[in-house]
Structure formats: C-alpha cells, structure tokens
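> Just one file: upload.txt, with compact mmCIF, C-alpha atoms.
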```txt
# COMPACT_ATOMS: atom_id res chain seq x y z
CA MET A 262 -40.64 -0.86 1.11
CA PRO A 263 -41.93 2.32 -0.45
CA THR A 264 -40.90 5.07 1.93
CA ALA A 265 -38.82 8.20 1.83
CA GLU A 266 -37.43 7.43 5.28
CA PRO A 267 -34.12 5.61 5.57
CA SER A 268 -34.12 2.04 6.80
CA PRO A 269 -34.15 1.48 10.57
CA PHE A 270 -31.00 -0.60 10.02
CA PHE A 271 -29.33 2.45 8.43
CA ARG A 272 -30.39 4.62 11.37
CA ALA A 273 -29.10 2.04 13.87
CA HIS A 274 -25.62 2.35 12.36
CA LEU A 275 -25.39 6.13 11.89
CA GLY A 276 -22.55 6.46 14.40
CA ALA A 277 -20.42 3.89 12.57
CA LEU A 278 -21.34 5.52 9.25
CA ARG A 279 -20.19 8.95 10.44
CA GLU A 280 -16.91 7.43 11.58
CA ALA A 281 -16.38 5.61 8.26
CA ALA A 282 -17.23 8.76 6.28
CA ARG A 283 -14.01 10.30 7.64
CA LEU A 284 -12.13 7.75 5.52
CA GLY A 285 -13.65 8.77 2.20
CA PRO A 286 -16.84 9.10 0.19
CA VAL A 287 -20.08 7.41 1.18
CA VAL A 288 -21.47 5.64 -1.88
CA ASP A 289 -25.10 4.54 -2.17
CA VAL A 290 -25.06 1.70 -4.70
CA ALA A 291 -28.22 1.32 -6.84
CA CYS A 292 -29.58 4.31 -4.95
CA GLY A 293 -32.96 4.53 -6.66
CA THR A 294 -34.70 7.67 -5.41
CA GLY A 295 -31.81 8.36 -3.04
CA ARG A 296 -33.42 8.00 0.37
CA HIS A 297 -30.15 6.71 1.86
CA THR A 298 -27.96 9.07 -0.20
CA ARG A 299 -29.89 12.04 1.20
CA ALA A 300 -29.83 10.67 4.75
CA ALA A 301 -26.06 10.11 4.56
CA ALA A 302 -25.47 13.63 3.23
CA ALA A 303 -27.59 15.04 6.06
CA ALA A 304 -25.70 13.04 8.69
CA CYS A 305 -22.10 12.90 7.49
CA ASP A 306 -19.52 15.55 6.70
CA ALA A 307 -18.42 13.79 3.53
CA LEU A 308 -19.04 13.48 -0.16
CA CYS A 309 -22.10 11.23 -0.64
CA VAL A 310 -22.51 9.65 -4.06
CA GLY A 311 -25.67 8.04 -5.42
CA ILE A 312 -25.10 5.52 -8.23
CA ASP A 313 -27.95 4.18 -10.34
CA ARG A 314 -28.70 3.36 -13.97
CA ARG A 315 -31.95 5.33 -14.06
CA ARG A 316 -31.11 8.84 -15.17
CA ASP A 317 -34.58 10.17 -14.32
CA THR A 318 -34.31 9.24 -10.64
CA LEU A 319 -30.74 10.52 -10.52
CA ALA A 320 -31.85 13.85 -11.99
CA SER A 321 -34.60 14.19 -9.39
CA LEU A 322 -32.14 13.30 -6.63
CA ARG A 323 -29.58 15.79 -7.89
CA ASP A 324 -32.13 18.60 -8.38
CA ALA A 325 -34.31 18.07 -5.30
CA PRO A 326 -33.97 20.48 -2.41
CA ARG A 327 -32.14 18.89 0.47
CA ALA A 328 -32.71 19.15 4.15
CA GLY A 329 -29.51 20.70 5.47
CA GLY A 330 -26.53 18.72 6.58
CA PRO A 331 -22.78 18.93 6.34
CA GLY A 332 -22.32 16.47 3.44
CA ARG A 333 -22.14 17.14 -0.27
CA LEU A 334 -24.26 15.07 -2.65
CA THR A 335 -23.50 14.02 -6.20
CA VAL A 336 -24.86 11.39 -8.58
CA VAL A 337 -23.30 8.99 -11.08
CA SER A 338 -25.16 7.18 -13.84
CA ALA A 339 -23.94 3.61 -14.27
CA ASP A 340 -25.39 0.21 -15.09
CA LEU A 341 -23.85 -1.92 -12.35
CA GLU A 342 -24.81 -5.15 -14.08
CA GLN A 343 -23.05 -4.44 -17.39
CA GLY A 344 -19.44 -3.88 -18.29
CA HIS A 345 -17.10 -3.37 -15.37
CA GLY A 346 -19.64 -3.13 -12.55
CA ALA A 347 -19.41 -0.20 -10.17
CA PRO A 348 -17.36 2.81 -11.35
CA LEU A 349 -15.30 2.75 -8.15
CA SER A 350 -11.60 2.28 -7.56
CA ARG A 351 -10.10 -0.21 -5.16
CA ALA A 352 -9.86 1.13 -1.57
CA SER A 353 -11.55 4.42 -2.50
CA CYS A 354 -14.66 4.50 -0.28
CA GLY A 355 -15.22 5.18 3.38
CA ALA A 356 -18.64 3.53 3.30
CA LEU A 357 -20.96 1.68 0.94
CA LEU A 358 -24.72 1.61 1.27
CA VAL A 359 -26.71 -1.08 -0.54
CA PHE A 360 -30.43 -1.29 0.16
CA ARG A 361 -33.04 -3.36 -1.70
CA TYR A 362 -30.60 -4.44 -4.41
CA LEU A 363 -28.80 -7.69 -5.16
CA TRP A 364 -26.36 -8.42 -7.95
CA ARG A 365 -24.15 -11.23 -6.66
CA PRO A 366 -21.30 -10.75 -9.20
CA LEU A 367 -20.71 -7.26 -7.75
CA ALA A 368 -20.10 -8.38 -4.13
CA SER A 369 -16.33 -8.94 -4.25
CA GLN A 370 -15.75 -5.67 -6.13
CA LEU A 371 -17.79 -3.79 -3.54
CA ALA A 372 -15.78 -5.27 -0.68
CA GLU A 373 -12.54 -4.24 -2.40
CA THR A 374 -13.67 -0.63 -2.88
CA LEU A 375 -13.76 -0.07 0.87
CA ARG A 376 -10.73 1.49 2.51
CA SER A 377 -9.26 -0.23 5.55
CA GLY A 378 -11.79 0.42 8.31
CA GLY A 379 -14.49 1.24 5.75
CA LEU A 380 -18.10 0.27 6.44
CA LEU A 381 -20.63 -1.70 4.41
CA LEU A 382 -24.32 -1.37 5.25
CA TYR A 383 -26.31 -3.85 3.17
CA GLU A 384 -29.97 -4.81 3.41
CA THR A 385 -32.10 -6.71 0.91
CA PHE A 386 -34.78 -9.33 0.51
CA THR A 387 -34.57 -13.01 1.43
CA GLU A 388 -36.22 -15.99 -0.26
CA ASP A 389 -39.05 -15.81 2.26
CA GLN A 390 -40.26 -12.65 0.52
CA ARG A 391 -41.84 -14.91 -2.12
CA ASP A 392 -44.37 -15.99 0.51
CA LEU A 393 -45.83 -12.49 0.55
CA PRO A 394 -48.11 -11.12 -2.20
CA TYR A 395 -45.74 -8.20 -2.98
CA GLY A 396 -42.06 -7.54 -3.52
CA PRO A 397 -39.56 -9.39 -5.69
CA GLU A 398 -40.14 -13.04 -6.58
CA ASN A 399 -37.20 -13.70 -8.88
CA PRO A 400 -34.65 -15.91 -7.04
CA ASP A 401 -31.85 -13.87 -8.64
CA PHE A 402 -32.90 -10.99 -6.36
CA LEU A 403 -33.52 -12.97 -3.16
CA LEU A 404 -30.92 -14.11 -0.64
CA ARG A 405 -30.71 -17.63 0.73
CA PRO A 406 -30.34 -18.00 4.53
CA GLY A 407 -26.85 -16.87 5.56
CA GLU A 408 -25.89 -15.87 2.02
CA LEU A 409 -25.25 -12.18 2.74
CA ILE A 410 -22.46 -13.04 5.18
CA GLU A 411 -21.01 -15.50 2.64
CA LEU A 412 -20.98 -12.86 -0.11
CA PHE A 413 -18.90 -10.56 2.11
CA SER A 414 -16.82 -13.16 3.94
CA THR A 415 -13.66 -11.03 3.60
CA LEU A 416 -15.20 -8.35 5.82
CA GLN A 417 -15.51 -8.30 9.61
CA VAL A 418 -19.17 -8.68 10.60
CA LEU A 419 -20.37 -6.03 13.06
CA ASP A 420 -24.09 -6.80 12.89
CA HIS A 421 -26.15 -9.34 10.98
CA ARG A 422 -29.90 -9.85 11.04
CA GLU A 423 -32.29 -12.00 9.07
CA GLY A 424 -36.01 -12.05 9.54
CA THR A 425 -39.29 -10.24 9.13
CA ARG A 426 -39.58 -6.51 9.74
CA ASP A 427 -42.57 -4.24 9.30
CA ASP A 428 -42.39 -1.03 7.31
CA ALA A 429 -43.92 2.28 8.41
CA GLN A 430 -47.30 1.13 7.08
CA GLY A 431 -47.13 -2.11 9.08
CA ARG A 432 -46.50 -4.37 6.08
CA PRO A 433 -44.00 -7.18 6.75
CA TRP A 434 -40.87 -7.66 4.64
CA HIS A 435 -38.37 -10.52 4.78
CA LEU A 436 -34.89 -8.99 4.94
CA ALA A 437 -31.25 -9.79 5.57
CA SER A 438 -29.11 -6.94 6.92
CA LEU A 439 -25.34 -6.72 7.30
CA ALA A 440 -23.02 -4.13 8.82
CA ALA A 441 -19.41 -5.09 8.13
CA ARG A 442 -16.02 -3.43 8.17
CA ARG A 443 -12.98 -3.94 5.96
CA ARG A 444 -10.05 -5.06 8.09
```
Represent the structure contained in this file as structure tokens.

Amino acid sequence: MPTAEPSPFFRAHLGALREAARLGPVVDVACGTGRHTRAAAAACDALCVGIDRRRDTLASLRDAPRAGGPGRLTVVSADLEQGHGAPLSRASCGALLVFRYLWRPLASQLAETLRSGGLLLYETFTEDQRDLPYGPENPDFLLRPGELIELFSTLQVLDHREGTRDDAQGRPWHLASLAARRR
C-alpha cells in the first residue's frame, strides 16, 4: 500500500498507543520509510524508534523534517532476519508497530519485548493477496487465516480483523490486523 499516510488500523488505535507509550519506547519494526514511526512521534510523548535493515531509508527518515509532535524519533539499523533478531531487550517497549512485514521466527521475541500492559499493533498481508495482480506472492510473507492471533497467542487480543480493505487510491488489499496487549 504505497502511501505516506499511516494505516487506518493504526489511526483507530491511537488512544491505546498513547497510553502504551507511557510505559516505554514505541518501536516500529521493519519501518521502511517510517510512515508509522513519524505518526507515532507526532502523536505520542515518547521515544519512537524505527528499525530497518535499509540504511538509505533510515537516513531519509532520520534526516527528513518532521511535522511537530511531542515525541522524539531515532533510527536503528538491524537485519531482523539474521543473527539475534530485533535489537530489543525483554520487557523494554511500551508499544510495537509492525506493518506490511512478516518474519514468523521473530513473533515470540516481539511479544516478550513488550512491558506488562504494552501494546502490539500488527498488520500485514494474508494468503488472499496472491489473488490480486500486485503485492507479495511468496507464502513466507503471507498469513494463513487466523495465523496472526496464533503467532501472538500469549497476548490479550483487543482487536482482530481479517479481510479486504481499500487503500487511498481505491485498490483492495487482503490484510490481517491485530491489536493486542501484554498481560
């Protein structure tokens, strides 16, 4: 979904995100161009961290002018699929944002990085995306029905959606979305 605007799912959970940001940093995992990192920094009075392996996008995120907001923004270069996964300590984050990214081996580590009461906002593609002439086709990057809840079964589900949603240009995307809290 090529857009600079944050996901409608992200916007729907801004209140919960602001609350969770009081617990610790908001981390945007595999942040890409940083659309959710920027939105979190604009909305939350917290440290917002964008993690990605692409140094060029991180540099543009770090150096780009920001629309105001109370949060501070920083970036971390890391390949989440190699070595030790995410460079995050256990129970260190108030919130995690994961949009348009799937690396199943990372799921349990991500759940453990949340502090008690911490929030996970996760949204990515489902297998049905293969039926469309764009987007990922590799099954390694597509969720099976109900799989997102299974991957984060240790967390308390606040909101879960699976289905087709249109982007700002009216193109449909098949997505699974999860808002969950660490007990």
> Between A:Phe402, A:Thr387, A:Arg444, A:Ser268, which residue has the minimum interatomic distance to Ser414 (chain A), considering all atoms listed in the file?
A:Arg444
> Calculated over only C-alpha atoms, which of the candidates A:Arg361, A:Arg283, A:Arg422, A:Arg314 has the smallest distance to Leu341 (chain A)?
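Among A:Arg361, A:Arg283, A:Arg422, A:Arg314, it is A:Arg314 that comes nearest to Leu341 (chain A).
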> Which residues of region 281-314 of chain A come within 10 Å of region 344-349 of chain A, and for each one, what is the closest pair of atoms and their distance in Å to one decimal, counting all atoms listed in the file, sorted by chain and residue number, as a Markdown table?

```
| residue | atom | partner | partner_atom | distance |
| --- | --- | --- | --- | --- |
| A:Val288 | CA | A:Leu349 | CA | 9.3 |
| A:Val290 | CA | A:Ala347 | CA | 8.1 |
| A:Ala291 | CA | A:Ala347 | CA | 9.5 |
| A:Ile312 | CA | A:Ala347 | CA | 8.3 |
| A:Asp313 | CA | A:Ala347 | CA | 9.6 |
```
> Of the candidates A:Val418, A:Ala352, A:Tyr362, A:Asp306, which shows the shortest atom-to-atom distance to Pro397 (chain A), using only C-alpha atoms?
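Looking only at the distances to Pro397 (chain A), the closest residue turns out to be A:Tyr362.
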> From (-26.1, -15.2, 3.9), in the file's coordinates, out to 10 Å: which residues are reached, counting only C-alpha atoms? Answer as a PyMOL selection string.
chain A and resi 387+404-414+421-423+437-439
> For the selection just defined, write its residues with C-alpha atoms to a file, as a PDB file, in the frame of the given file.

```pdb
ATOM      1  CA  THR A 387     -34.570 -13.010   1.430  1.00  0.00           C
ATOM      2  CA  LEU A 404     -30.920 -14.110  -0.640  1.00  0.00           C
ATOM      3  CA  ARG A 405     -30.710 -17.630   0.730  1.00  0.00           C
ATOM      4  CA  PRO A 406     -30.340 -18.000   4.530  1.00  0.00           C
ATOM      5  CA  GLY A 407     -26.850 -16.870   5.560  1.00  0.00           C
ATOM      6  CA  GLU A 408     -25.890 -15.870   2.020  1.00  0.00           C
ATOM      7  CA  LEU A 409     -25.250 -12.180   2.740  1.00  0.00           C
ATOM      8  CA  ILE A 410     -22.460 -13.040   5.180  1.00  0.00           C
ATOM      9  CA  GLU A 411     -21.010 -15.500   2.640  1.00  0.00           C
ATOM     10  CA  LEU A 412     -20.980 -12.860  -0.110  1.00  0.00           C
ATOM     11  CA  PHE A 413     -18.900 -10.560   2.110  1.00  0.00           C
ATOM     12  CA  SER A 414     -16.820 -13.160   3.940  1.00  0.00           C
ATOM     13  CA  HIS A 421     -26.150  -9.340  10.980  1.00  0.00           C
ATOM     14  CA  ARG A 422     -29.900  -9.850  11.040  1.00  0.00           C
ATOM     15  CA  GLU A 423     -32.290 -12.000   9.070  1.00  0.00           C
ATOM     16  CA  ALA A 437     -31.250  -9.790   5.570  1.00  0.00           C
ATOM     17  CA  SER A 438     -29.110  -6.940   6.920  1.00  0.00           C
ATOM     18  CA  LEU A 439     -25.340  -6.720   7.300  1.00  0.00           C
TER      19      LEU A 439
END
```
> To one decimal place, how far is CA of Arg443 (chain A) from CA of Phe271 (chain A) in Å?
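Rounded to one decimal, the two atoms are 17.7 Å apart.
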> With all atoms listed in the file as the basis for distance, which of A:Ser369, A:Leu436, A:Leu358, A:Pro394 is at the shortest distance from Leu382 (chain A)?
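Comparing A:Ser369, A:Leu436, A:Leu358, A:Pro394 against Leu382 (chain A), the winner is A:Leu358.
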> Restricting the calculation to all atoms listed in the file: of A:Ala356, A:Asp340, A:Trp364, A:Gly293, which residue gets closest to Arg279 (chain A)?
A:Ala356
> As lines of an AutoDock Vina configuration file, please: the centre and edge lengths in Å, to one decimal, of an axis-aligned box enclosing every listed atom of region 379-397 of chain A with 5 Å added on each side.

```
center_x = -31.3
center_y = -7.4
center_z = 0.4
size_x = 43.6
size_y = 27.2
size_z = 22.1
```
> Would you mind telling me which residue in A:Arg315, A:Arg432, A:Arg365, A:Arg333 lies nearest to Ala300 (chain A) when using all atoms listed in the file?
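Smallest separation from Ala300 (chain A) among the options: A:Arg333.
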> Find the spatial neighbours of Leu275 (chain A), counting all atoms listed in the file, within a cut-off of 12 Å - ignore same-chain residues fewer than 2 positions away - and output them as a PyMOL selection string.
chain A and resi 267-273+277-282+297+300-305+356+358+380-382+440
> Interatomic distance between CA of His435 (chain A) and CA of Glu398 (chain A)?
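Computed distance, CA of His435 (chain A) to CA of Glu398 (chain A), equals 11.8 Å.
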